[in-house]
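Before any comments, here is the structure.
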Amino acid sequence: MTSNILRIATRKSPLALWQAEYVKARLQDIHPELEVELVAMSTRGDKILDAPLAKVGGKGLFVKELERCLLDGEADIAVHSMKDVPMEFPEGLGLSVICEREDPRDAFVSNSFASLNDLPNGAVVGTSSLRRQCQLMKSRPDLEIRWLRGNVQTRLSKLDDGQYDAIILATAGLLRLEMKDRIAERISPEKSLPAGGQGAVGIECRVDDEKTIELIKALHHEATATRVLAERAMNRRLEGGCQVPIACYAELQEDQIWLRGLVGSPDGKTMLRHEVRGNSSDAEALGIEVAEALLAQGAQAILDDVYDAE
Ligand SMILES: NCc1[nH]cc(CCC(=O)O)c1CC(=O)O
């Protein structure tokens with residue numbers, strides 16, 4: 001940070017803007033004198049809306065332009081959905097803060113049906129997440145999954161148009177956009193294990209920018225950071241992010257962490273699972289342990305198939 005204005009790089013989608021405004025409001029609460037500005041931009045991920053993300057070069061599509069902005073000194077922090085943040089950072093940048101997690105569960109959204117269980121045979125469900133597709137197909141092989149891209153509002157309008165019987169979105173996004181009433185069911189992690197980092201917002205900045213790091217550190221939430229550390233360690237070892245059929249979810253009970261992980265084929269026919277419990281100070285090692293157990297069960301072949309498809 002070079003002036004007394006802190007600039008936040010953000011995507012232009014309503015959810016991204018909400019998250020940036022949230023960080024701005026919390027920073028101004030803590031530092032009433034601080035001026036905070038948003039630098040909003042469209043990213044490649046926002047522009048390519050017609051292909052499954054796994055097939056358009058995947059990782060980091062929503063993040064790279066924001067990082068460029070930090071490296072060029074056009075902004076001081078970038079606010080991200082942790083689910084979309086790649087495992088590795090460009091030289092000079094790092095994640096300095098993880099804010100308290102919102103509800104990490106997937107949400108079942110429908111105008112006609114109250115829950116996943118109520119969907120009739122052959123119902124059409126919209127999602128663009130292979131992770132969601134795989135778990136849906138596993139429990140309900142009769143469902144027809146159709147691709148659904150775009151920001152949260154676009155996805156909801158496609159549902160309202162009658163193109164789908166139901167769609168699956170992140171609960172956190174709907175809550176943040178004050179659309180709680182659109183959530184018919186919050187799907188339990190037993191039925192749909194969330195993506196690593198889902199529901200958590202992270203703040204990236206230049207690692208040598210001590211002034212900024214000092215200003216934002218009060219937003220850090222240690223319990224969330226521990227959970228997300230375990231989840232991301234698993235994802236990193238599997239070299240996967242939000243665009244591959246990988247799920248992982250960590251919960252804390254006092255100083256104990258319970259981490260569940262899953263890799264599955266998009267059709268739900270193969271699903272590998274592993275879980276561990278351990279001390280939360282070993283979060284990262286536990287994440288790697290789950291990943292290695294999944295690899296030992298054959299996870300790599302499933303992931304290779306996904307990358308090779310088409
Ligand atoms: N991949 C897009 C994305 N990234 C983060 C969220 C939701 C908010 C969050 O997980 O924090 C969403 C939308 C969705 O999955 O419905």
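Following the order of the structure tokens, chains are lettered A, B, ..., residues in each are numbered from 1, and ligands are numbered from 1.
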
Taking only C-alpha atoms and all ligand atoms into account, which residues are within 9 Å of ligand 1, as JSON, numbers by chain? {"A": [15, 16, 19, 62, 80, 81, 82, 83, 84, 101, 102, 103, 104, 105, 106, 107, 127, 128, 129, 150, 151, 152, 155, 168, 169, 170, 171, 172, 173, 174, 176, 194, 195, 196, 197, 198, 199, 200, 201, 242, 243]}

Segment 85-305 of chain A: which residues are strand (DSSP E) by DSSP, as a PyMOL selection string? chain A and resi 93-98+106-109+124-126+144-146+166-170+185-187+201-206+246-253+256-264+271-279

Skipping near chain neighbours, those fewer than 5 positions away, what residues fall within 12 Å of Gly278 of chain A using only C-alpha atoms, listed as a list in words?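 The neighbour list is Ala230, Ala250, Glu251, Leu252, Gln253, Glu254, Asp255, Gln256, Ile257, Trp258, Leu259, Arg260, Ala283, Glu284, Ala285, Leu286, Gly287, Glu289 and Val290 of chain A.
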
Next, write the just-selected residues to a file, as a PDB file, in the first residue's frame, keeping C-alpha atoms as the atom set.
ATOM      1  CA  ALA A 230      -6.529 -29.112   5.519  1.00  0.00           C
ATOM      2  CA  ALA A 250     -12.974 -30.397   7.333  1.00  0.00           C
ATOM      3  CA  GLU A 251     -14.770 -29.893  10.620  1.00  0.00           C
ATOM      4  CA  LEU A 252     -13.269 -28.936  13.970  1.00  0.00           C
ATOM      5  CA  GLN A 253     -14.256 -30.272  17.364  1.00  0.00           C
ATOM      6  CA  GLU A 254     -12.138 -28.390  19.868  1.00  0.00           C
ATOM      7  CA  ASP A 255      -8.556 -29.214  18.880  1.00  0.00           C
ATOM      8  CA  GLN A 256      -9.556 -32.177  16.739  1.00  0.00           C
ATOM      9  CA  ILE A 257     -10.066 -32.026  13.009  1.00  0.00           C
ATOM     10  CA  TRP A 258     -12.170 -34.421  10.971  1.00  0.00           C
ATOM     11  CA  LEU A 259     -11.384 -34.348   7.265  1.00  0.00           C
ATOM     12  CA  ARG A 260     -13.408 -36.177   4.650  1.00  0.00           C
ATOM     13  CA  ALA A 283      -4.199 -29.956   9.406  1.00  0.00           C
ATOM     14  CA  GLU A 284      -1.912 -29.832   6.403  1.00  0.00           C
ATOM     15  CA  ALA A 285      -0.426 -33.294   6.956  1.00  0.00           C
ATOM     16  CA  LEU A 286      -3.921 -34.732   7.380  1.00  0.00           C
ATOM     17  CA  GLY A 287      -4.972 -33.219   4.073  1.00  0.00           C
ATOM     18  CA  GLU A 289      -2.819 -38.134   4.093  1.00  0.00           C
ATOM     19  CA  VAL A 290      -6.371 -38.161   2.716  1.00  0.00           C
TER      20      VAL A 290
END

My list of candidates is A:Ser281, A:Ile288, A:Ser265, A:Glu222. Which is closest to Cys248 of chain A when distances are computed with only C-alpha atoms? A:Ile288

Smallest atom-to-atom distance to Glu190 of chain A: which of A:Arg7, A:His31, A:Arg68, A:Arg273, using only C-alpha atoms?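 Using only C-alpha atoms, Glu190 of chain A sits closest to A:Arg273.
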
With a distance cut-off of 12 Å and only C-alpha atoms, select the neighbouring residues of Gln153 of chain A, excluding the residue or stretch itself and same-chain residues fewer than 5 positions from it, and output the selection as a PyMOL selection string. chain A and resi 13-15+148+158-160+169+173-174+177-179+182

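Among the candidates A:Val125, A:Val63, A:Leu6, A:Met271, the residue lying nearest to Ala299 of chain A is A:Met271 (atoms considered: only C-alpha atoms).
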
Which residues come within 7 Å of segment 119-122 of chain A, counting only C-alpha atoms, excluding same-chain residues fewer than 3 positions away, as a ChimeraX atom specification? /A:113,115-116,142-144

Could those selected residues go to a file with N, CA and C atoms, as an mmCIF file, in the first residue's frame?
data_model
loop_
_atom_site.group_PDB
_atom_site.id
_atom_site.type_symbol
_atom_site.label_atom_id
_atom_site.label_comp_id
_atom_site.auth_asym_id
_atom_site.auth_seq_id
_atom_site.Cartn_x
_atom_site.Cartn_y
_atom_site.Cartn_z
ATOM 1 N N PHE A 113 -39.965 -28.530 -6.302
ATOM 2 C CA PHE A 113 -39.686 -29.659 -5.410
ATOM 3 C C PHE A 113 -38.961 -29.185 -4.148
ATOM 4 N N SER A 115 -37.080 -30.979 -2.005
ATOM 5 C CA SER A 115 -35.777 -31.555 -1.675
ATOM 6 C C SER A 115 -35.342 -32.492 -2.792
ATOM 7 N N LEU A 116 -34.093 -32.854 -2.720
ATOM 8 C CA LEU A 116 -33.507 -33.804 -3.666
ATOM 9 C C LEU A 116 -34.324 -35.098 -3.687
ATOM 10 N N ASP A 142 -30.811 -41.919 -12.003
ATOM 11 C CA ASP A 142 -31.906 -41.630 -12.947
ATOM 12 C C ASP A 142 -31.945 -40.165 -13.378
ATOM 13 N N LEU A 143 -31.312 -39.281 -12.631
ATOM 14 C CA LEU A 143 -31.421 -37.841 -12.932
ATOM 15 C C LEU A 143 -30.703 -37.503 -14.229
ATOM 16 N N GLU A 144 -31.195 -36.468 -14.887
ATOM 17 C CA GLU A 144 -30.498 -35.966 -16.069
ATOM 18 C C GLU A 144 -29.788 -34.666 -15.689
#
